[in-house]
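A.B. asks: Just so it is clear, I am handing over start.pdb, which has PDB, C-alpha atoms.
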```pdb
ATOM      1  CA  MET A   1     107.947 117.637 105.727  1.00  0.00           C
ATOM      2  CA  PHE A   2     109.769 115.463 108.258  1.00  0.00           C
ATOM      3  CA  VAL A   3     107.485 112.545 107.453  1.00  0.00           C
ATOM      4  CA  SER A   4     108.483 112.724 103.759  1.00  0.00           C
ATOM      5  CA  ILE A   5     112.181 112.806 104.621  1.00  0.00           C
ATOM      6  CA  ILE A   6     111.973 109.962 107.132  1.00  0.00           C
ATOM      7  CA  LEU A   7     109.888 107.859 104.746  1.00  0.00           C
ATOM      8  CA  PHE A   8     112.454 108.530 102.006  1.00  0.00           C
ATOM      9  CA  LEU A   9     115.241 107.334 104.343  1.00  0.00           C
ATOM     10  CA  CYS A  10     113.234 104.219 105.208  1.00  0.00           C
ATOM     11  CA  ILE A  11     112.605 103.332 101.572  1.00  0.00           C
ATOM     12  CA  GLY A  12     116.236 104.147 100.716  1.00  0.00           C
ATOM     13  CA  ILE A  13     117.607 101.795 103.377  1.00  0.00           C
ATOM     14  CA  CYS A  14     115.149  99.093 102.315  1.00  0.00           C
ATOM     15  CA  THR A  15     116.233  99.596  98.684  1.00  0.00           C
ATOM     16  CA  ILE A  16     119.860  98.939  99.572  1.00  0.00           C
ATOM     17  CA  THR A  17     119.060  95.803 101.574  1.00  0.00           C
ATOM     18  CA  ASP A  18     116.666  94.564  98.884  1.00  0.00           C
ATOM     19  CA  ILE A  19     119.320  94.950  96.189  1.00  0.00           C
ATOM     20  CA  LEU A  20     122.125  93.403  98.264  1.00  0.00           C
ATOM     21  CA  ARG A  21     120.249  90.659 100.127  1.00  0.00           C
ATOM     22  CA  LYS A  22     116.907  90.408  98.295  1.00  0.00           C
ATOM     23  CA  THR A  23     115.126  90.962 101.572  1.00  0.00           C
ATOM     24  CA  VAL A  24     113.416  93.788 103.424  1.00  0.00           C
ATOM     25  CA  ASP A  25     114.238  93.867 107.131  1.00  0.00           C
ATOM     26  CA  ILE A  26     111.004  94.031 109.109  1.00  0.00           C
ATOM     27  CA  ARG A  27     112.894  95.479 112.108  1.00  0.00           C
ATOM     28  CA  VAL A  28     113.889  98.489 110.004  1.00  0.00           C
ATOM     29  CA  LEU A  29     110.285  98.964 108.954  1.00  0.00           C
ATOM     30  CA  LEU A  30     109.107  98.700 112.547  1.00  0.00           C
ATOM     31  CA  ALA A  31     111.667 101.237 113.775  1.00  0.00           C
ATOM     32  CA  PHE A  32     110.795 103.708 111.028  1.00  0.00           C
ATOM     33  CA  SER A  33     107.071 103.178 111.644  1.00  0.00           C
ATOM     34  CA  LEU A  34     107.507 104.211 115.257  1.00  0.00           C
ATOM     35  CA  ILE A  35     109.579 107.257 114.270  1.00  0.00           C
ATOM     36  CA  LEU A  36     106.998 108.218 111.641  1.00  0.00           C
ATOM     37  CA  ALA A  37     104.145 107.826 114.129  1.00  0.00           C
ATOM     38  CA  VAL A  38     105.904 110.129 116.605  1.00  0.00           C
ATOM     39  CA  CYS A  39     106.598 112.692 113.846  1.00  0.00           C
ATOM     40  CA  CYS A  40     102.967 112.605 112.724  1.00  0.00           C
ATOM     41  CA  TYR A  41     101.828 113.095 116.298  1.00  0.00           C
ATOM     42  CA  PHE A  42     104.065 116.117 116.903  1.00  0.00           C
ATOM     43  CA  GLU A  43     103.321 117.643 113.503  1.00  0.00           C
ATOM     44  CA  LYS A  44      99.611 116.994 114.091  1.00  0.00           C
ATOM     45  CA  ASN A  45      99.675 115.428 110.664  1.00  0.00           C
ATOM     46  CA  TYR A  46      97.944 112.122 111.326  1.00  0.00           C
ATOM     47  CA  ASN A  47      94.876 110.758 109.658  1.00  0.00           C
ATOM     48  CA  ILE A  48      93.093 107.788 111.210  1.00  0.00           C
ATOM     49  CA  GLU A  49      91.465 106.886 107.882  1.00  0.00           C
ATOM     50  CA  SER A  50      94.899 106.569 106.255  1.00  0.00           C
ATOM     51  CA  PHE A  51      96.130 104.299 109.045  1.00  0.00           C
ATOM     52  CA  VAL A  52      93.075 102.068 108.801  1.00  0.00           C
ATOM     53  CA  ALA A  53      93.295 101.984 104.989  1.00  0.00           C
ATOM     54  CA  GLY A  54      97.037 101.240 105.147  1.00  0.00           C
ATOM     55  CA  ILE A  55      96.452  98.306 107.460  1.00  0.00           C
ATOM     56  CA  GLY A  56      93.507  97.054 105.391  1.00  0.00           C
ATOM     57  CA  ILE A  57      95.412  97.272 102.124  1.00  0.00           C
ATOM     58  CA  GLY A  58      98.380  95.628 103.849  1.00  0.00           C
ATOM     59  CA  ILE A  59      96.174  92.693 104.845  1.00  0.00           C
ATOM     60  CA  LEU A  60      94.827  92.449 101.280  1.00  0.00           C
ATOM     61  CA  LEU A  61      98.356  92.498  99.845  1.00  0.00           C
ATOM     62  CA  ALA A  62      99.473  89.899 102.404  1.00  0.00           C
ATOM     63  CA  CYS A  63      96.682  87.595 101.194  1.00  0.00           C
ATOM     64  CA  ILE A  64      97.814  88.171  97.600  1.00  0.00           C
ATOM     65  CA  SER A  65     101.390  87.404  98.654  1.00  0.00           C
ATOM     66  CA  ILE A  66     100.317  84.143 100.267  1.00  0.00           C
ATOM     67  CA  LEU A  67      98.181  83.128  97.274  1.00  0.00           C
ATOM     68  CA  SER A  68     101.025  83.953  94.857  1.00  0.00           C
ATOM     69  CA  ARG A  69     103.439  81.909  96.992  1.00  0.00           C
ATOM     70  CA  GLY A  70     105.586  84.902  97.848  1.00  0.00           C
ATOM     71  CA  ALA A  71     105.898  86.540  94.414  1.00  0.00           C
ATOM     72  CA  VAL A  72     105.623  89.784  96.367  1.00  0.00           C
ATOM     73  CA  GLY A  73     107.390  89.377  99.681  1.00  0.00           C
ATOM     74  CA  MET A  74     105.934  90.240 103.055  1.00  0.00           C
ATOM     75  CA  GLY A  75     108.573  92.946 103.487  1.00  0.00           C
ATOM     76  CA  ASP A  76     107.286  94.641 100.342  1.00  0.00           C
ATOM     77  CA  VAL A  77     103.731  94.291 101.646  1.00  0.00           C
ATOM     78  CA  CYS A  78     104.669  95.899 104.963  1.00  0.00           C
ATOM     79  CA  LEU A  79     106.485  98.714 103.158  1.00  0.00           C
ATOM     80  CA  TYR A  80     103.445  99.462 100.990  1.00  0.00           C
ATOM     81  CA  SER A  81     101.254  99.427 104.088  1.00  0.00           C
ATOM     82  CA  ILE A  82     103.532 101.903 105.875  1.00  0.00           C
ATOM     83  CA  ILE A  83     103.621 104.182 102.844  1.00  0.00           C
ATOM     84  CA  ILE A  84      99.820 104.269 102.650  1.00  0.00           C
ATOM     85  CA  CYS A  85      99.519 104.868 106.394  1.00  0.00           C
ATOM     86  CA  PHE A  86     101.814 107.877 106.369  1.00  0.00           C
ATOM     87  CA  ILE A  87     101.287 109.616 103.020  1.00  0.00           C
ATOM     88  CA  GLY A  88      97.597 108.904 102.605  1.00  0.00           C
ATOM     89  CA  VAL A  89      95.473 106.526 100.606  1.00  0.00           C
ATOM     90  CA  GLN A  90      95.432 108.370  97.291  1.00  0.00           C
ATOM     91  CA  LYS A  91      99.186 109.002  97.127  1.00  0.00           C
ATOM     92  CA  GLY A  92      99.933 105.564  98.572  1.00  0.00           C
ATOM     93  CA  ILE A  93      97.865 103.754  95.950  1.00  0.00           C
ATOM     94  CA  PHE A  94      99.532 105.933  93.293  1.00  0.00           C
ATOM     95  CA  VAL A  95     102.983 104.849  94.568  1.00  0.00           C
ATOM     96  CA  LEU A  96     101.865 101.207  94.680  1.00  0.00           C
ATOM     97  CA  PHE A  97     100.596 101.121  91.097  1.00  0.00           C
ATOM     98  CA  LEU A  98     103.404 103.256  89.693  1.00  0.00           C
ATOM     99  CA  SER A  99     106.064 101.046  91.295  1.00  0.00           C
ATOM    100  CA  ILE A 100     104.387  97.928  89.889  1.00  0.00           C
ATOM    101  CA  ALA A 101     104.240  99.594  86.456  1.00  0.00           C
ATOM    102  CA  PHE A 102     107.952 100.485  86.639  1.00  0.00           C
ATOM    103  CA  ALA A 103     108.793  96.915  87.674  1.00  0.00           C
ATOM    104  CA  PHE A 104     106.599  95.485  84.902  1.00  0.00           C
ATOM    105  CA  PHE A 105     108.326  97.482  82.161  1.00  0.00           C
ATOM    106  CA  VAL A 106     111.796  96.657  83.456  1.00  0.00           C
ATOM    107  CA  ALA A 107     110.844  92.968  83.712  1.00  0.00           C
ATOM    108  CA  LEU A 108     109.472  93.091  80.177  1.00  0.00           C
ATOM    109  CA  PHE A 109     112.735  94.626  78.978  1.00  0.00           C
ATOM    110  CA  LEU A 110     114.778  91.984  80.809  1.00  0.00           C
ATOM    111  CA  VAL A 111     112.750  89.116  79.359  1.00  0.00           C
ATOM    112  CA  ILE A 112     112.598  90.415  75.773  1.00  0.00           C
ATOM    113  CA  VAL A 113     115.943  92.155  75.326  1.00  0.00           C
ATOM    114  CA  LYS A 114     118.227  90.548  77.907  1.00  0.00           C
ATOM    115  CA  ARG A 115     116.677  87.082  77.509  1.00  0.00           C
ATOM    116  CA  LYS A 116     116.154  86.566  81.236  1.00  0.00           C
ATOM    117  CA  LYS A 117     113.894  83.697  82.211  1.00  0.00           C
ATOM    118  CA  LYS A 118     110.344  84.497  83.263  1.00  0.00           C
ATOM    119  CA  ASP A 119     111.078  83.293  86.802  1.00  0.00           C
ATOM    120  CA  TYR A 120     113.975  85.777  87.186  1.00  0.00           C
ATOM    121  CA  GLU A 121     113.718  87.467  90.584  1.00  0.00           C
ATOM    122  CA  MET A 122     114.382  91.170  90.870  1.00  0.00           C
ATOM    123  CA  PRO A 123     114.086  93.470  93.857  1.00  0.00           C
ATOM    124  CA  LEU A 124     110.871  95.494  94.029  1.00  0.00           C
ATOM    125  CA  VAL A 125     111.844  98.205  96.522  1.00  0.00           C
ATOM    126  CA  PRO A 126     114.008 100.218  94.068  1.00  0.00           C
ATOM    127  CA  PHE A 127     110.860 100.691  91.999  1.00  0.00           C
ATOM    128  CA  VAL A 128     108.966 101.727  95.124  1.00  0.00           C
ATOM    129  CA  LEU A 129     111.665 104.331  95.775  1.00  0.00           C
ATOM    130  CA  ALA A 130     111.433 105.614  92.196  1.00  0.00           C
ATOM    131  CA  ALA A 131     107.636 105.835  92.426  1.00  0.00           C
ATOM    132  CA  TYR A 132     107.834 107.586  95.809  1.00  0.00           C
ATOM    133  CA  LEU A 133     110.309 110.140  94.450  1.00  0.00           C
ATOM    134  CA  PHE A 134     108.083 110.653  91.414  1.00  0.00           C
ATOM    135  CA  SER A 135     105.116 111.313  93.718  1.00  0.00           C
ATOM    136  CA  LEU A 136     107.153 113.851  95.714  1.00  0.00           C
ATOM    137  CA  PHE A 137     108.257 115.716  92.582  1.00  0.00           C
ATOM    138  CA  GLU A 138     104.723 115.593  91.210  1.00  0.00           C
ATOM    139  CA  ASN A 139     103.553 117.513  94.289  1.00  0.00           C
ATOM    140  CA  MET A 140     106.209 120.187  93.734  1.00  0.00           C
ATOM    141  CA  ALA A 141     105.139 120.857  90.143  1.00  0.00           C
TER
END
```
For the file at hand, write its structure as structure tokens.

C.D. replies:
Amino acid sequence: MFVSIILFLCIGICTITDILRKTVDIRVLLAFSLILAVCCYFEKNYNIESFVAGIGIGILLACISILSRGAVGMGDVCLYSIIICFIGVQKGIFVLFLSIAFAFFVALFLVIVKRKKKDYEMPLVPFVLAAYLFSLFENMA
């Protein structure tokens, strides 16, 4: 329970900074990662496989970020990695793909309806927050 709340706060803070400054502060992610690790330890809610998968997927996404010349920033990559580490592989991958789908449809709308250029930059973390909230509410139903 605490892990979900703390992760929500982390993504919320990153959403605000991503909207205002178009950047995700790695120090915030590091601080929240340490807090989440301590919470997982005390709740006895840790899963080594999730941590290894989160790091592995983070490395894969970092390679994609480098190859795409930063289309997805390293802050976004680190955030996805943290999410997978602390909520598990299946839910984490769900959040990753759902957030990309949300961003795709909004980008499509902006290009077609609002006539934005294809190279228009928009923050990704608000879509991560929406996907994370969707995954939380999906578990409640």

A.B. asks: Name all residues at most 9 Å from segment 29-40 of chain A (count all atoms listed in the file; drop same-chain ones fewer than 6 positions away) and give them as a list in words.

C.D. replies: Phe2, Val3, Ile6, Leu7, Leu9, Cys10, Ile11, Cys14, Tyr46, Asn47, Gly75, Cys78, Leu79, Ile82 and Phe86 of chain A

A.B. asks: Give me the residues within 10 Å of Lys91 of chain A as a VMD selection string, counting only C-alpha atoms and dropping any in the same chain fewer than 5 places off.

C.D. replies: chain A and resid 83 to 84 86 96 132 135 to 136 139

A.B. asks: Once the PyMOL selection byres ((chain A and resi 98) around 10) has been evaluated on this model, what residues remain selected, and can you format them as number ranges by chain?

C.D. replies: A: 92-97, 99-104, 127-128, 130-132, 134-135

A.B. asks: I need the output of the PyMOL selection byres ((chain A and resi 122) around 12) for this file as a list in words; which residues are they?

C.D. replies: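 When the PyMOL selection byres ((chain A and resi 122) around 12) is applied, the selected residues are Thr15, Asp18, Ile19, Leu20, Arg21, Lys22, Thr23, Ala71, Val72, Gly73, Ala103, Phe104, Val106, Ala107, Leu108, Leu110, Val111, Lys116, Lys117, Lys118, Asp119, Tyr120, Glu121, Pro123, Leu124, Val125, Pro126 and Phe127 of chain A.
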
A.B. asks: Which value, in Å to one decimal, gives the distance between atom CA of Ser50 of chain A and atom CA of Ile16 of chain A?

C.D. replies: 26.9 Å

A.B. asks: Return as JSON the box centre and box size in Å, one decimal, for an axis-aligned box around all listed atoms of segment 45-60 of chain A padded by 8 Å per side.

C.D. replies:
```
{"center_x": 95.6, "center_y": 103.9, "center_z": 106.3, "size_x": 24.2, "size_y": 39.0, "size_z": 26.0}
```

A.B. asks: Kindly give the distance, in Å, that separates atom CA of Gly54 of chain A and atom CA of Gln90 of chain A, rounded to a single decimal.

C.D. replies: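 According to the coordinates, atom CA of Gly54 of chain A and atom CA of Gln90 of chain A are separated by 10.7 Å.
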
A.B. asks: Rounded to one decimal place, report the atom CA of Gly58 of chain A-atom CA of Val77 of chain A distance in Å.

C.D. replies: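 So the two atoms, atom CA of Gly58 of chain A and atom CA of Val77 of chain A, lie 5.9 Å apart.
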
A.B. asks: Please determine, counting only C-alpha atoms, which residue among A:Ile87, A:Ile59, A:Val24, A:Val113 has the shortest atom-to-atom distance to Asn45 of chain A.

C.D. replies: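 Ranked by minimum distance to Asn45 of chain A, first place goes to A:Ile87.
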
A.B. asks: Which is closer to Cys85 of chain A than all the others in A:Glu138, A:Glu49, A:Leu129, A:Glu43, using only C-alpha atoms?

C.D. replies: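 Residue with the minimum atom-to-atom distance to Cys85 of chain A: A:Glu49.
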
A.B. asks: Pick out the closest residue to Leu133 of chain A from this set: A:Ile64, A:Ile48, A:Gly12, A:Arg69. Count all atoms listed in the file.

C.D. replies: A:Gly12

A.B. asks: Smallest atom-to-atom distance to Val52 of chain A: which of A:Ile5, A:Ser81, A:Arg115, A:Phe137, using all atoms listed in the file?

C.D. replies: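 Smallest distance to Val52 of chain A is found for A:Ser81.
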